[in-house]
>>> print(open('protein25.pdb').read())   # PDB, C-alpha atoms
ATOM      1  CA  MET A  15       8.563   3.575   6.798
ATOM      2  CA  LEU A  16       6.259   5.180   9.331
ATOM      3  CA  SER A  17       5.603   8.877   9.372
ATOM      4  CA  GLU A  18       8.527  10.618  10.988
ATOM      5  CA  SER A  19       6.113  13.230  12.337
ATOM      6  CA  LEU A  20       4.757  10.680  14.829
ATOM      7  CA  PRO A  21       6.593  10.185  18.126
ATOM      8  CA  GLU A  22       8.554   6.943  18.376
ATOM      9  CA  LYS A  23       5.990   5.259  20.639
ATOM     10  CA  ALA A  24       3.144   6.245  18.294
ATOM     11  CA  GLN A  25       5.128   4.746  15.403
ATOM     12  CA  ALA A  26       5.474   1.492  17.369
ATOM     13  CA  ILE A  27       1.727   1.493  18.060
ATOM     14  CA  THR A  28       1.011   2.121  14.378
ATOM     15  CA  ALA A  29       3.307  -0.753  13.378
ATOM     16  CA  ALA A  30       1.506  -2.985  15.893
ATOM     17  CA  ALA A  31      -1.846  -1.930  14.392
ATOM     18  CA  ILE A  32      -0.603  -2.928  10.933
ATOM     19  CA  ASP A  33       0.349  -6.360  12.297
ATOM     20  CA  ALA A  34      -3.005  -6.745  14.072
ATOM     21  CA  ILE A  35      -4.978  -5.757  10.970
ATOM     22  CA  HIS A  36      -2.895  -8.169   8.889
ATOM     23  CA  GLU A  37      -3.529 -11.024  11.326
ATOM     24  CA  LYS A  38      -7.148 -10.393  12.352
ATOM     25  CA  GLY A  39      -8.632  -8.176   9.686
ATOM     26  CA  LEU A  40     -10.027  -4.700   9.956
ATOM     27  CA  ASP A  41     -13.248  -5.620  11.719
ATOM     28  CA  ARG A  42     -11.836  -8.040  14.295
ATOM     29  CA  PHE A  43      -8.744  -6.328  15.623
ATOM     30  CA  LYS A  44      -9.033  -4.548  18.960
ATOM     31  CA  LEU A  45      -7.065  -1.815  20.670
ATOM     32  CA  THR A  46      -6.046  -4.376  23.296
ATOM     33  CA  ASP A  47      -4.458  -6.471  20.509
ATOM     34  CA  VAL A  48      -2.516  -3.440  19.349
ATOM     35  CA  ALA A  49      -1.423  -2.507  22.880
ATOM     36  CA  ARG A  50      -0.217  -6.056  23.555
ATOM     37  CA  LYS A  51       1.765  -6.164  20.297
ATOM     38  CA  ALA A  52       3.293  -2.728  20.947
ATOM     39  CA  GLY A  53       4.127  -3.589  24.562
ATOM     40  CA  VAL A  54       2.091  -0.676  25.927
ATOM     41  CA  THR A  55      -1.190  -0.178  27.752
ATOM     42  CA  THR A  56      -4.454   0.632  26.001
ATOM     43  CA  GLY A  57      -4.173   3.997  27.752
ATOM     44  CA  ALA A  58      -0.979   4.657  25.815
ATOM     45  CA  VAL A  59      -2.769   3.752  22.584
ATOM     46  CA  THR A  60      -5.586   6.200  23.308
ATOM     47  CA  TYR A  61      -3.083   8.850  24.403
ATOM     48  CA  TYR A  62      -1.596   8.911  20.908
ATOM     49  CA  PHE A  63      -4.738   8.074  18.941
ATOM     50  CA  GLU A  64      -8.086   9.645  19.774
ATOM     51  CA  ASP A  65     -10.043   6.538  18.843
ATOM     52  CA  LYS A  66      -9.894   3.359  16.790
ATOM     53  CA  ASP A  67     -10.595   5.265  13.571
ATOM     54  CA  ALA A  68      -7.614   7.575  14.180
ATOM     55  CA  LEU A  69      -5.402   4.523  14.683
ATOM     56  CA  LEU A  70      -6.840   2.925  11.544
ATOM     57  CA  MET A  71      -6.040   6.048   9.530
ATOM     58  CA  ALA A  72      -2.489   6.087  10.925
ATOM     59  CA  ALA A  73      -2.048   2.434   9.901
ATOM     60  CA  PHE A  74      -3.515   3.187   6.482
ATOM     61  CA  ASN A  75      -1.210   6.184   6.017
ATOM     62  CA  ALA A  76       1.864   4.238   7.139
ATOM     63  CA  SER A  77       1.052   1.357   4.781
ATOM     64  CA  TRP A  78       0.491   3.720   1.890
ATOM     65  CA  GLN A  79       3.709   5.613   2.611
ATOM     66  CA  ARG A  80       5.623   2.339   2.577
ATOM     67  CA  LEU A  81       4.126   1.214  -0.740
ATOM     68  CA  PHE A  82       4.515   4.656  -2.305
ATOM     69  CA  ALA A  83       8.164   4.916  -1.237
ATOM     70  CA  GLN A  84       8.896   1.572  -2.860
ATOM     71  CA  VAL A  85       7.532   2.778  -6.200
ATOM     72  CA  GLU A  86       9.152   6.200  -5.834
ATOM     73  CA  ALA A  87      12.583   4.677  -5.144
ATOM     74  CA  TYR A  88      13.335   4.647  -8.873
ATOM     75  CA  GLU A  89      13.779   8.100 -10.350
ATOM     76  CA  HIS A  90      12.220   7.569 -13.763
ATOM     77  CA  GLY A  91      11.142   5.073 -16.340
ATOM     78  CA  TRP A  92       9.208   1.866 -16.297
ATOM     79  CA  GLN A  93      11.876  -0.449 -14.951
ATOM     80  CA  LEU A  94      10.214  -3.665 -13.885
ATOM     81  CA  GLU A  95      12.097  -3.536 -10.583
ATOM     82  CA  ARG A  96      10.313  -0.310  -9.728
ATOM     83  CA  PHE A  97       6.978  -2.068  -9.735
ATOM     84  CA  ILE A  98       7.923  -5.503  -8.457
ATOM     85  CA  ASN A  99       9.570  -3.748  -5.498
ATOM     86  CA  SER A 100       6.159  -2.521  -4.351
ATOM     87  CA  MET A 101       4.363  -5.858  -4.732
ATOM     88  CA  PRO A 102       3.625  -8.236  -1.817
ATOM     89  CA  THR A 103       6.758 -10.336  -2.354
ATOM     90  CA  SER A 104       7.882 -10.426   1.295
ATOM     91  CA  GLU A 105       6.219 -10.782   4.680
ATOM     92  CA  ASP A 106       6.626  -7.065   5.395
ATOM     93  CA  LYS A 107       5.063  -6.106   2.078
ATOM     94  CA  GLN A 108       2.266  -8.649   2.659
ATOM     95  CA  ARG A 109       1.369  -6.759   5.859
ATOM     96  CA  SER A 110       1.264  -3.433   4.024
ATOM     97  CA  TRP A 111      -0.884  -4.885   1.259
ATOM     98  CA  SER A 112      -3.242  -6.509   3.800
ATOM     99  CA  VAL A 113      -3.857  -3.139   5.416
ATOM    100  CA  TRP A 114      -4.216  -1.437   2.041
ATOM    101  CA  LEU A 115      -6.773  -3.995   0.848
ATOM    102  CA  ALA A 116      -8.711  -3.789   4.117
ATOM    103  CA  PHE A 117      -8.989  -0.050   3.667
ATOM    104  CA  CYS A 118     -10.003  -0.431   0.023
ATOM    105  CA  GLY A 119     -12.950  -2.489   1.239
ATOM    106  CA  ARG A 120     -13.753   0.043   3.958
ATOM    107  CA  ALA A 121     -13.703   2.896   1.407
ATOM    108  CA  GLN A 122     -17.121   1.777   0.163
ATOM    109  CA  THR A 123     -18.768   2.712   3.448
ATOM    110  CA  SER A 124     -16.553   5.510   4.796
ATOM    111  CA  GLU A 125     -16.409   8.820   2.989
ATOM    112  CA  ALA A 126     -13.253   9.831   4.906
ATOM    113  CA  ILE A 127     -11.410   6.670   3.876
ATOM    114  CA  ASN A 128     -12.755   6.949   0.338
ATOM    115  CA  GLU A 129     -11.383  10.492   0.137
ATOM    116  CA  HIS A 130      -7.944   9.298   1.279
ATOM    117  CA  TYR A 131      -8.146   6.425  -1.196
ATOM    118  CA  ARG A 132      -8.783   8.848  -4.092
ATOM    119  CA  LEU A 133      -6.031  11.182  -2.890
ATOM    120  CA  TYR A 134      -3.457   8.396  -2.717
ATOM    121  CA  TYR A 135      -4.268   7.112  -6.181
ATOM    122  CA  ALA A 136      -4.015  10.651  -7.556
ATOM    123  CA  GLN A 137      -0.561  10.964  -5.938
ATOM    124  CA  LEU A 138       0.567   7.663  -7.421
ATOM    125  CA  GLU A 139      -0.743   8.607 -10.849
ATOM    126  CA  ALA A 140       1.048  11.975 -10.691
ATOM    127  CA  LEU A 141       4.315  10.304  -9.690
ATOM    128  CA  LEU A 142       4.089   7.852 -12.560
ATOM    129  CA  LEU A 143       3.065  10.527 -15.077
ATOM    130  CA  LYS A 144       6.374  12.274 -14.405
ATOM    131  CA  SER A 145       8.168   9.015 -15.179
ATOM    132  CA  ILE A 146       7.192   8.336 -18.752
ATOM    133  CA  ASP A 147       7.870   9.994 -22.033
ATOM    134  CA  ARG A 148       4.563  10.235 -23.860
ATOM    135  CA  LYS A 149       3.558  13.125 -26.083
ATOM    136  CA  ASP A 150      -0.132  12.534 -25.502
ATOM    137  CA  GLU A 151      -1.007  12.974 -21.820
ATOM    138  CA  GLY A 152      -4.329  11.173 -22.356
ATOM    139  CA  THR A 153      -2.533   8.056 -23.605
ATOM    140  CA  ALA A 154       0.012   8.310 -20.803
ATOM    141  CA  ARG A 155      -2.741   8.579 -18.182
ATOM    142  CA  HIS A 156      -4.548   5.569 -19.690
ATOM    143  CA  ASP A 157      -1.349   3.493 -19.672
ATOM    144  CA  ILE A 158      -0.609   4.448 -16.072
ATOM    145  CA  ARG A 159      -4.118   3.527 -14.965
ATOM    146  CA  THR A 160      -3.718   0.182 -16.730
ATOM    147  CA  VAL A 161      -0.487  -0.487 -14.838
ATOM    148  CA  ILE A 162      -2.034   0.524 -11.504
ATOM    149  CA  ALA A 163      -5.065  -1.701 -12.123
ATOM    150  CA  ALA A 164      -2.832  -4.650 -13.011
ATOM    151  CA  MET A 165      -0.698  -4.099  -9.922
ATOM    152  CA  ASP A 166      -3.806  -3.909  -7.746
ATOM    153  CA  GLY A 167      -5.150  -7.142  -9.227
ATOM    154  CA  ILE A 168      -1.886  -9.026  -8.883
ATOM    155  CA  GLY A 169      -1.370  -7.574  -5.396
ATOM    156  CA  LEU A 170      -4.855  -8.679  -4.340
ATOM    157  CA  CYS A 171      -4.272 -12.224  -5.586
ATOM    158  CA  ALA A 172      -0.783 -12.394  -4.059
ATOM    159  CA  THR A 173      -2.017 -11.115  -0.700
ATOM    160  CA  LEU A 174      -4.965 -13.495  -0.497
ATOM    161  CA  HIS A 175      -3.082 -16.520  -1.893
ATOM    162  CA  PRO A 176       0.668 -15.982  -1.520
ATOM    163  CA  GLU A 177       1.328 -19.667  -2.124
ATOM    164  CA  LEU A 178      -0.175 -19.316  -5.620
ATOM    165  CA  TRP A 179       1.499 -15.981  -6.360
ATOM    166  CA  PRO A 180       5.182 -16.163  -5.388
ATOM    167  CA  ALA A 181       7.509 -13.304  -6.315
ATOM    168  CA  GLU A 182       8.516 -15.054  -9.548
ATOM    169  CA  ARG A 183       4.926 -15.228 -10.786
ATOM    170  CA  GLN A 184       4.269 -11.598  -9.854
ATOM    171  CA  HIS A 185       7.467 -10.604 -11.655
ATOM    172  CA  GLN A 186       6.524 -12.582 -14.768
ATOM    173  CA  CYS A 187       2.978 -11.179 -14.995
ATOM    174  CA  LEU A 188       4.075  -7.588 -14.469
ATOM    175  CA  GLY A 189       6.958  -8.037 -16.891
ATOM    176  CA  GLU A 190       4.662  -9.311 -19.640
ATOM    177  CA  MET A 191       2.150  -6.529 -19.128
ATOM    178  CA  LEU A 192       4.764  -3.777 -18.977
ATOM    179  CA  GLY A 193       6.547  -5.228 -21.994
ATOM    180  CA  HIS A 194       3.364  -4.894 -24.050
ATOM    181  CA  LEU A 195       2.578  -1.360 -22.884
ATOM    182  CA  PHE A 196       6.121  -0.004 -22.876
ATOM    183  CA  PRO A 197       8.261  -2.135 -25.202
ATOM    184  CA  ASP A 198      10.960   0.536 -25.496
ATOM    185  CA  GLU A 199      11.055   1.488 -21.821
ATOM    186  CA  THR A 200      11.236  -1.741 -19.796
TER     187      THR A 200
END
>>> encode(input="protein25.pdb", output="structure tokens")
Amino acid sequence: MLSESLPEKAQAITAAAIDAIHEKGLDRFKLTDVARKAGVTTGAVTYYFEDKDALLMAAFNASWQRLFAQVEAYEHGWQLERFINSMPTSEDKQRSWSVWLAFCGRAQTSEAINEHYRLYYAQLEALLLKSIDRKDEGTARHDIRTVIAAMDGIGLCATLHPELWPAERQHQCLGEMLGHLFPDET
């Protein structure tokens, strides 16, 4: 799900950037790679995106929107499917996670990316806070942060070594963790 506010060609360029980042990494992909994948010229890329950083932010935003929408798809509760649906269990989700992890690494050295990183986690936390029934908001926030940290860890492992972390293993690990935290809600 790319931002609908972008023109169709810009969405195609953003999708091509996600593929290029997934294949080559954040530091090695070039605008020419993106243009080739999108079937456009580098001039078209720079027409829609001021520079490489603007394209990187568009790819980051599109990847985050995709992951966020997968978690948000369930209206409430801690159903395991809600979380497994956002994990890197398919090739498409692997691409989104690759971009997300590349930007997590970049957040250490870029204040702009770090700010987006914090904003996105705050949005995810707020979404999940609405989903659970806990009287103590402090406990609820702690539990949510535990779930997010576990998902990040499993997602990292599954993205780097998908052969060791198939969907079944991701499902099992998340299921066990959620079952301990939310025995009445999973």
>>> closest_residue(input="protein25.pdb", among="A:Lys66, A:Lys23, A:Arg80, A:His185", to="Leu45 in chain A", atoms="only C-alpha atoms")
A:Lys66
>>> residues_around(input="protein25.pdb", residues="Glu37 in chain A", least_positions_apart="3", cutoff="12 Å", atoms="only C-alpha atoms", output="PDB file with C-alpha atoms, keeping the file's coordinate frame")
ATOM      1  CA  ALA A  30       1.506  -2.985  15.893  1.00  0.00           C
ATOM      2  CA  ALA A  31      -1.846  -1.930  14.392  1.00  0.00           C
ATOM      3  CA  ILE A  32      -0.603  -2.928  10.933  1.00  0.00           C
ATOM      4  CA  ASP A  33       0.349  -6.360  12.297  1.00  0.00           C
ATOM      5  CA  ALA A  34      -3.005  -6.745  14.072  1.00  0.00           C
ATOM      6  CA  LEU A  40     -10.027  -4.700   9.956  1.00  0.00           C
ATOM      7  CA  ASP A  41     -13.248  -5.620  11.719  1.00  0.00           C
ATOM      8  CA  ARG A  42     -11.836  -8.040  14.295  1.00  0.00           C
ATOM      9  CA  PHE A  43      -8.744  -6.328  15.623  1.00  0.00           C
ATOM     10  CA  LYS A  44      -9.033  -4.548  18.960  1.00  0.00           C
ATOM     11  CA  ASP A  47      -4.458  -6.471  20.509  1.00  0.00           C
ATOM     12  CA  VAL A  48      -2.516  -3.440  19.349  1.00  0.00           C
ATOM     13  CA  LYS A  51       1.765  -6.164  20.297  1.00  0.00           C
ATOM     14  CA  GLU A 105       6.219 -10.782   4.680  1.00  0.00           C
ATOM     15  CA  GLN A 108       2.266  -8.649   2.659  1.00  0.00           C
ATOM     16  CA  ARG A 109       1.369  -6.759   5.859  1.00  0.00           C
ATOM     17  CA  SER A 110       1.264  -3.433   4.024  1.00  0.00           C
ATOM     18  CA  SER A 112      -3.242  -6.509   3.800  1.00  0.00           C
ATOM     19  CA  VAL A 113      -3.857  -3.139   5.416  1.00  0.00           C
ATOM     20  CA  ALA A 116      -8.711  -3.789   4.117  1.00  0.00           C
TER      21      ALA A 116
END
>>> atom_distance(input="protein25.pdb", atom1="CA of Leu138 in chain A", atom2="CA of Thr160 in chain A")
12.7 Å
>>> atom_distance(input="protein25.pdb", atom1="CA of Val54 in chain A", atom2="CA of Ala121 in chain A")
29.4 Å
>>> resolve_selection(input="protein25.pdb", expression="the PyMOL selection byres ((chain A and resi 180) around 12)", output="PyMOL selection string")
chain A and resi 98+101-105+108+168-169+171-179+181-187
